[in-house]
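**Student:** Just passing along the structure, written as structure tokens.
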Amino acid sequence: MTALKVFLIIIAVILILLMFPLKVFLDYDGEAKLSLGYLFLKFQLVPAKPKKKEKKKPQEKKEKKPEAEKKEKKPSTIKRLMDKHGLDGLIEILKEVVGIVTEFLKGLAKHIYFTRCNIRICVVGEDAADTAVKYGYVCSAVYPLISALEQNSVMKKHYTDISAGFLAEKTAAEMELTCKIRPLFLIPVVFRALFKLIGVLLKLR
């Protein structure tokens with residue numbers, strides 16, 4: 001009975017910890033900065049902290065093996081898959097993988113809560129005509145993405161400003177993004193995607 005109580009307490013503690021949101025901080029102003037936060041902890045991922053340099057040991061020169069001892073090169077993974085499943089079969093498998101990834105991203109987006117999403121881009125081309133064309137390309141890429149996020153996730157505050165910099169010297173971009181997600185809601189989405197990917201891998205064997 002005591003062991004059961006301890007087990008139930010451990011499960012309850014884990015569930016409570018999984019309810020606390022995992023926070024993602026992404027800022028870009030010429031240089032990307034990416035950090036993860038959980039409870040009172042914060043981990044900087046980009047740029048990575050510099051590691052201490054270790055003294056390199058002098059490498060011993062390896063003796064060259066004669067040509068007869070060299071092993072034959074194995075065929076690439078793609079070639080082996082092509083030989084086994086054919087081009088049509090491989091394309092169908094790739095389509096299935098893309099579908100799984102798309103479904104995973106949509107499921108993930110439903111549980112993402114954006115507390116800050118600010119994007120400012122000033123597009124500059126070689127001349128006025130090139131600037132107008134590039135401005136159109138950037139708008140056609142960014143605005144549908146923001147619209148998709150609005151439809152599939154929760155966005156508390158967001159601001160997007162894309163302008164054509166006819167008088168500016170070079171293209172400039174700034175982004176401030178903060179979002180959070182509860183790991184408890186992330187687990188079923190991840191396991192569902194992994195289960196389907198395992199099925200695809202079994203087909204490739």
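As shown in the structure tokens, the chain order sets the letters A, B, ...; within each chain, residues go from 1, and ligands are also counted from 1 in the order they appear.
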At a cut-off of 12 Å, using only C-alpha atoms, what residues contact Gln151 in chain A? Leave out same-chain residues fewer than 2 positions from it and give the result as a PDB file with N, CA, C and O atoms, in the first residue's frame.
**Tutor:**
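The new file around_34.pdb reads:
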```
ATOM      1  N   LYS A 106       0.583  21.085 -37.177  1.00  0.00           N
ATOM      2  CA  LYS A 106      -0.746  21.629 -36.902  1.00  0.00           C
ATOM      3  C   LYS A 106      -1.190  21.292 -35.480  1.00  0.00           C
ATOM      4  O   LYS A 106      -1.765  22.132 -34.775  1.00  0.00           O
ATOM      5  N   ALA A 109       0.789  23.495 -33.140  1.00  0.00           N
ATOM      6  CA  ALA A 109       0.384  24.905 -33.175  1.00  0.00           C
ATOM      7  C   ALA A 109      -0.853  25.158 -32.317  1.00  0.00           C
ATOM      8  O   ALA A 109      -0.997  26.239 -31.731  1.00  0.00           O
ATOM      9  N   LYS A 110      -1.745  24.172 -32.211  1.00  0.00           N
ATOM     10  CA  LYS A 110      -2.975  24.349 -31.440  1.00  0.00           C
ATOM     11  C   LYS A 110      -2.699  24.620 -29.968  1.00  0.00           C
ATOM     12  O   LYS A 110      -3.527  25.221 -29.274  1.00  0.00           O
ATOM     13  N   HIS A 111      -1.558  24.157 -29.479  1.00  0.00           N
ATOM     14  CA  HIS A 111      -1.243  24.288 -28.057  1.00  0.00           C
ATOM     15  C   HIS A 111      -0.185  25.365 -27.790  1.00  0.00           C
ATOM     16  O   HIS A 111       0.293  25.484 -26.664  1.00  0.00           O
ATOM     17  N   ILE A 112       0.176  26.130 -28.824  1.00  0.00           N
ATOM     18  CA  ILE A 112       1.158  27.201 -28.646  1.00  0.00           C
ATOM     19  C   ILE A 112       0.437  28.507 -28.350  1.00  0.00           C
ATOM     20  O   ILE A 112      -0.533  28.861 -29.024  1.00  0.00           O
ATOM     21  N   TYR A 113       0.918  29.216 -27.337  1.00  0.00           N
ATOM     22  CA  TYR A 113       0.329  30.491 -26.939  1.00  0.00           C
ATOM     23  C   TYR A 113       1.388  31.573 -27.109  1.00  0.00           C
ATOM     24  O   TYR A 113       2.389  31.592 -26.403  1.00  0.00           O
ATOM     25  N   PRO A 144       0.977  35.196 -45.134  1.00  0.00           N
ATOM     26  CA  PRO A 144       0.259  33.915 -45.007  1.00  0.00           C
ATOM     27  C   PRO A 144       0.713  33.103 -43.790  1.00  0.00           C
ATOM     28  O   PRO A 144      -0.097  32.401 -43.177  1.00  0.00           O
ATOM     29  N   LEU A 145       2.014  33.202 -43.441  1.00  0.00           N
ATOM     30  CA  LEU A 145       2.514  32.488 -42.269  1.00  0.00           C
ATOM     31  C   LEU A 145       1.880  33.039 -40.995  1.00  0.00           C
ATOM     32  O   LEU A 145       1.440  32.271 -40.120  1.00  0.00           O
ATOM     33  N   ILE A 146       1.810  34.370 -40.876  1.00  0.00           N
ATOM     34  CA  ILE A 146       1.184  34.990 -39.705  1.00  0.00           C
ATOM     35  C   ILE A 146      -0.297  34.623 -39.639  1.00  0.00           C
ATOM     36  O   ILE A 146      -0.845  34.322 -38.568  1.00  0.00           O
ATOM     37  N   SER A 147      -0.952  34.617 -40.793  1.00  0.00           N
ATOM     38  CA  SER A 147      -2.372  34.252 -40.850  1.00  0.00           C
ATOM     39  C   SER A 147      -2.590  32.805 -40.398  1.00  0.00           C
ATOM     40  O   SER A 147      -3.546  32.506 -39.666  1.00  0.00           O
ATOM     41  N   ALA A 148      -1.695  31.906 -40.829  1.00  0.00           N
ATOM     42  CA  ALA A 148      -1.800  30.497 -40.423  1.00  0.00           C
ATOM     43  C   ALA A 148      -1.606  30.350 -38.916  1.00  0.00           C
ATOM     44  O   ALA A 148      -2.295  29.554 -38.267  1.00  0.00           O
ATOM     45  N   LEU A 149      -0.675  31.119 -38.348  1.00  0.00           N
ATOM     46  CA  LEU A 149      -0.455  31.074 -36.900  1.00  0.00           C
ATOM     47  C   LEU A 149      -1.670  31.601 -36.144  1.00  0.00           C
ATOM     48  O   LEU A 149      -2.041  31.065 -35.093  1.00  0.00           O
ATOM     49  N   SER A 153      -3.175  28.787 -33.764  1.00  0.00           N
ATOM     50  CA  SER A 153      -2.621  28.942 -32.422  1.00  0.00           C
ATOM     51  C   SER A 153      -3.279  30.144 -31.754  1.00  0.00           C
ATOM     52  O   SER A 153      -4.161  30.790 -32.325  1.00  0.00           O
ATOM     53  N   VAL A 154      -2.843  30.432 -30.537  1.00  0.00           N
ATOM     54  CA  VAL A 154      -3.375  31.582 -29.802  1.00  0.00           C
ATOM     55  C   VAL A 154      -2.318  32.684 -29.805  1.00  0.00           C
ATOM     56  O   VAL A 154      -1.187  32.473 -29.362  1.00  0.00           O
ATOM     57  N   MET A 155      -2.690  33.858 -30.313  1.00  0.00           N
ATOM     58  CA  MET A 155      -1.756  34.983 -30.379  1.00  0.00           C
ATOM     59  C   MET A 155      -2.355  36.147 -29.595  1.00  0.00           C
ATOM     60  O   MET A 155      -3.369  36.734 -29.987  1.00  0.00           O
TER      61      MET A 155
END
```
**Student:** Name all residues at most 6 Å from Thr160 in chain A (count only C-alpha atoms; drop same-chain ones fewer than 4 positions away) and give them as a list in words.
**Tutor:**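 Once the nearby chain positions are removed, what remains is Asn118, Ile119 and Arg120 of chain A.
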**Student:** Take CA of Phe114 in chain A and CA of Leu184 in chain A and report the distance between them in Å, one decimal.
**Tutor:** 17.4 Å
**Student:** Just how far from CA of Val101 in chain A is CA of Leu34 in chain A, in Å to one decimal?
**Tutor:** 22.6 Å
**Student:** With distances taken over only C-alpha atoms, which of A:Val190, A:Leu36, A:Ala129, A:Val46 is nearest to Leu108 in chain A?
**Tutor:** A:Val190
**Student:** Identify, on the basis of only C-alpha atoms, every residue whose closest approach to Val24 in chain A does not exceed 6 Å; exclude the query and any residue fewer than 3 positions from it along the same chain; express the result as a ChimeraX atom specification.
**Tutor:** /A:35-36,178-179
**Student:** Go ahead and dump the residues you just picked, all heavy atoms, as a PDB file, in the first residue's frame.
**Tutor:**
```pdb
ATOM      1  N   SER A  35      16.379  31.181 -26.672  1.00  0.00           N
ATOM      2  CA  SER A  35      16.483  30.686 -25.302  1.00  0.00           C
ATOM      3  C   SER A  35      15.237  29.893 -24.953  1.00  0.00           C
ATOM      4  O   SER A  35      14.152  30.130 -25.495  1.00  0.00           O
ATOM      5  CB  SER A  35      16.654  31.837 -24.304  1.00  0.00           C
ATOM      6  OG  SER A  35      17.792  32.614 -24.604  1.00  0.00           O
ATOM      7  N   LEU A  36      15.397  28.946 -24.033  1.00  0.00           N
ATOM      8  CA  LEU A  36      14.283  28.167 -23.503  1.00  0.00           C
ATOM      9  C   LEU A  36      14.166  28.445 -22.011  1.00  0.00           C
ATOM     10  O   LEU A  36      15.182  28.526 -21.307  1.00  0.00           O
ATOM     11  CB  LEU A  36      14.500  26.665 -23.729  1.00  0.00           C
ATOM     12  CG  LEU A  36      14.399  26.136 -25.162  1.00  0.00           C
ATOM     13  CD1 LEU A  36      14.660  24.640 -25.178  1.00  0.00           C
ATOM     14  CD2 LEU A  36      13.035  26.433 -25.761  1.00  0.00           C
ATOM     15  N   THR A 178       7.917  35.523 -28.372  1.00  0.00           N
ATOM     16  CA  THR A 178       7.864  34.762 -27.123  1.00  0.00           C
ATOM     17  C   THR A 178       6.614  33.902 -27.149  1.00  0.00           C
ATOM     18  O   THR A 178       5.514  34.402 -27.392  1.00  0.00           O
ATOM     19  CB  THR A 178       7.808  35.687 -25.892  1.00  0.00           C
ATOM     20  OG1 THR A 178       8.923  36.567 -25.905  1.00  0.00           O
ATOM     21  CG2 THR A 178       7.847  34.866 -24.610  1.00  0.00           C
ATOM     22  N   CYS A 179       6.787  32.617 -26.943  1.00  0.00           N
ATOM     23  CA  CYS A 179       5.638  31.718 -26.912  1.00  0.00           C
ATOM     24  C   CYS A 179       5.831  30.681 -25.821  1.00  0.00           C
ATOM     25  O   CYS A 179       6.941  30.465 -25.339  1.00  0.00           O
ATOM     26  CB  CYS A 179       5.418  31.048 -28.261  1.00  0.00           C
ATOM     27  SG  CYS A 179       6.763  29.966 -28.775  1.00  0.00           S
TER      28      CYS A 179
END
```
**Student:** Considering only C-alpha atoms, state which residue in the set A:Ala3, A:Ala48, A:Ile121, A:Leu26 is at the smallest distance from Tyr143 in chain A.
**Tutor:**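 For Tyr143 in chain A, the nearest of the given residues is A:Ile121.
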**Student:** Between A:Ala12, A:Met175, A:Ile181, A:Leu22, which residue has the minimum interatomic distance to Leu41 in chain A, considering only C-alpha atoms?
**Tutor:**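 For Leu41 in chain A, the nearest of the candidates is A:Leu22.
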**Student:** At a cut-off of 9 Å, using only C-alpha atoms, what residues contact Lys170 in chain A? Leave out same-chain residues fewer than 3 positions from it and give the result as a VMD selection string.
**Tutor:** chain A and resid 122 to 125 165
**Student:** Please provide as JSON, numbers by chain all residues within 6 Å of Arg116 in chain A, with the sequence filter that same-chain residues fewer than 5 positions apart are discarded (counting only C-alpha atoms).
**Tutor:** {"A": [157, 158, 177, 178]}
**Student:** Could you write out the selected residues, including all heavy atoms, as a PDB file, in the first residue's frame?
**Tutor:**
```pdb
ATOM      1  N   LYS A 157      -0.591  39.091 -28.539  1.00  0.00           N
ATOM      2  CA  LYS A 157      -0.132  40.354 -29.114  1.00  0.00           C
ATOM      3  C   LYS A 157       0.744  40.058 -30.320  1.00  0.00           C
ATOM      4  O   LYS A 157       1.660  39.235 -30.232  1.00  0.00           O
ATOM      5  CB  LYS A 157       0.672  41.159 -28.084  1.00  0.00           C
ATOM      6  CG  LYS A 157      -0.138  41.662 -26.901  1.00  0.00           C
ATOM      7  CD  LYS A 157       0.756  42.439 -25.941  1.00  0.00           C
ATOM      8  CE  LYS A 157      -0.042  42.936 -24.738  1.00  0.00           C
ATOM      9  NZ  LYS A 157       0.812  43.679 -23.782  1.00  0.00           N
ATOM     10  N   HIS A 158       0.475  40.715 -31.415  1.00  0.00           N
ATOM     11  CA  HIS A 158       1.357  40.550 -32.571  1.00  0.00           C
ATOM     12  C   HIS A 158       1.321  41.814 -33.417  1.00  0.00           C
ATOM     13  O   HIS A 158       0.309  42.527 -33.494  1.00  0.00           O
ATOM     14  CB  HIS A 158       0.968  39.321 -33.391  1.00  0.00           C
ATOM     15  CG  HIS A 158      -0.370  39.438 -34.058  1.00  0.00           C
ATOM     16  ND1 HIS A 158      -0.535  39.912 -35.341  1.00  0.00           N
ATOM     17  CD2 HIS A 158      -1.614  39.145 -33.612  1.00  0.00           C
ATOM     18  CE1 HIS A 158      -1.811  39.896 -35.660  1.00  0.00           C
ATOM     19  NE2 HIS A 158      -2.492  39.440 -34.632  1.00  0.00           N
ATOM     20  N   LEU A 177       9.925  37.393 -30.501  1.00  0.00           N
ATOM     21  CA  LEU A 177       8.911  36.345 -30.388  1.00  0.00           C
ATOM     22  C   LEU A 177       9.046  35.638 -29.050  1.00  0.00           C
ATOM     23  O   LEU A 177      10.139  35.244 -28.649  1.00  0.00           O
ATOM     24  CB  LEU A 177       9.063  35.351 -31.530  1.00  0.00           C
ATOM     25  CG  LEU A 177       8.005  34.257 -31.668  1.00  0.00           C
ATOM     26  CD1 LEU A 177       7.810  33.891 -33.130  1.00  0.00           C
ATOM     27  CD2 LEU A 177       8.419  33.003 -30.883  1.00  0.00           C
ATOM     28  N   THR A 178       7.917  35.523 -28.372  1.00  0.00           N
ATOM     29  CA  THR A 178       7.864  34.762 -27.123  1.00  0.00           C
ATOM     30  C   THR A 178       6.614  33.902 -27.149  1.00  0.00           C
ATOM     31  O   THR A 178       5.514  34.402 -27.392  1.00  0.00           O
ATOM     32  CB  THR A 178       7.808  35.687 -25.892  1.00  0.00           C
ATOM     33  OG1 THR A 178       8.923  36.567 -25.905  1.00  0.00           O
ATOM     34  CG2 THR A 178       7.847  34.866 -24.610  1.00  0.00           C
TER      35      THR A 178
END
```
**Student:** If you count only C-alpha atoms, which residues fall within 10 Å of Gly37 in chain A, apart from same-chain ones fewer than 4 positions away, as a PyMOL selection string?
**Tutor:** chain A and resi 21-25+41-44+180
**Student:** Based on the selection just made, write all heavy atoms of those residues as a short mmCIF file (atom, residue, chain, number, x, y, z; two decimals), in the first residue's frame.
**Tutor:**
```cif
data_model
loop_
_atom_site.label_atom_id
_atom_site.label_comp_id
_atom_site.auth_asym_id
_atom_site.auth_seq_id
_atom_site.Cartn_x
_atom_site.Cartn_y
_atom_site.Cartn_z
N PRO A 21 4.31 25.76 -18.14
CA PRO A 21 4.65 25.97 -19.56
C PRO A 21 6.15 26.04 -19.83
O PRO A 21 6.93 26.54 -19.01
CB PRO A 21 3.98 27.30 -19.89
CG PRO A 21 3.90 28.03 -18.59
CD PRO A 21 3.70 26.96 -17.55
N LEU A 22 6.51 25.52 -20.98
CA LEU A 22 7.86 25.67 -21.51
C LEU A 22 7.86 26.91 -22.39
O LEU A 22 7.05 27.03 -23.31
CB LEU A 22 8.25 24.43 -22.33
CG LEU A 22 9.62 24.43 -23.01
CD1 LEU A 22 10.73 24.37 -21.98
CD2 LEU A 22 9.73 23.27 -23.98
N LYS A 23 8.76 27.86 -22.12
CA LYS A 23 8.76 29.13 -22.84
C LYS A 23 9.90 29.18 -23.85
O LYS A 23 11.00 28.69 -23.58
CB LYS A 23 8.90 30.30 -21.86
CG LYS A 23 7.72 30.42 -20.90
CD LYS A 23 7.91 31.58 -19.94
CE LYS A 23 6.74 31.69 -18.97
NZ LYS A 23 6.93 32.82 -18.02
N VAL A 24 9.61 29.76 -25.00
CA VAL A 24 10.62 29.94 -26.06
C VAL A 24 10.77 31.43 -26.33
O VAL A 24 9.78 32.14 -26.57
CB VAL A 24 10.19 29.22 -27.36
CG1 VAL A 24 11.24 29.43 -28.46
CG2 VAL A 24 9.98 27.74 -27.11
N PHE A 25 12.01 31.90 -26.27
CA PHE A 25 12.31 33.31 -26.54
C PHE A 25 13.19 33.39 -27.78
O PHE A 25 14.28 32.82 -27.80
CB PHE A 25 13.05 33.95 -25.35
CG PHE A 25 12.35 33.80 -24.03
CD1 PHE A 25 12.61 32.71 -23.21
CD2 PHE A 25 11.42 34.75 -23.62
CE1 PHE A 25 11.96 32.57 -22.00
CE2 PHE A 25 10.77 34.61 -22.40
CZ PHE A 25 11.04 33.52 -21.59
N LEU A 41 14.17 28.49 -14.52
CA LEU A 41 15.40 28.21 -15.25
C LEU A 41 15.31 28.79 -16.67
O LEU A 41 14.24 28.85 -17.26
CB LEU A 41 15.64 26.70 -15.34
CG LEU A 41 15.74 25.95 -14.02
CD1 LEU A 41 15.81 24.46 -14.27
CD2 LEU A 41 16.96 26.41 -13.23
N LYS A 42 16.45 29.19 -17.21
CA LYS A 42 16.52 29.70 -18.57
C LYS A 42 17.81 29.23 -19.22
O LYS A 42 18.89 29.38 -18.64
CB LYS A 42 16.44 31.24 -18.59
CG LYS A 42 16.21 31.82 -19.98
CD LYS A 42 15.95 33.31 -19.91
CE LYS A 42 15.65 33.89 -21.28
NZ LYS A 42 15.40 35.35 -21.23
N PHE A 43 17.70 28.65 -20.40
CA PHE A 43 18.85 28.09 -21.10
C PHE A 43 19.03 28.80 -22.43
O PHE A 43 18.10 28.87 -23.23
CB PHE A 43 18.65 26.59 -21.35
CG PHE A 43 18.31 25.81 -20.12
CD1 PHE A 43 16.98 25.56 -19.79
CD2 PHE A 43 19.30 25.35 -19.27
CE1 PHE A 43 16.65 24.85 -18.65
CE2 PHE A 43 18.98 24.64 -18.12
CZ PHE A 43 17.65 24.38 -17.81
N GLN A 44 20.21 29.32 -22.66
CA GLN A 44 20.53 29.97 -23.92
C GLN A 44 21.02 28.93 -24.92
O GLN A 44 21.99 28.23 -24.67
CB GLN A 44 21.60 31.05 -23.71
CG GLN A 44 21.98 31.80 -24.98
CD GLN A 44 23.03 32.86 -24.72
OE1 GLN A 44 22.87 33.68 -23.83
NE2 GLN A 44 24.11 32.84 -25.48
N LYS A 180 4.74 30.05 -25.45
CA LYS A 180 4.82 29.02 -24.41
C LYS A 180 3.88 27.87 -24.75
O LYS A 180 2.86 28.05 -25.42
CB LYS A 180 4.51 29.60 -23.03
CG LYS A 180 3.16 30.28 -22.91
CD LYS A 180 3.02 30.91 -21.54
CE LYS A 180 1.67 31.62 -21.39
NZ LYS A 180 1.52 32.26 -20.05
#
```
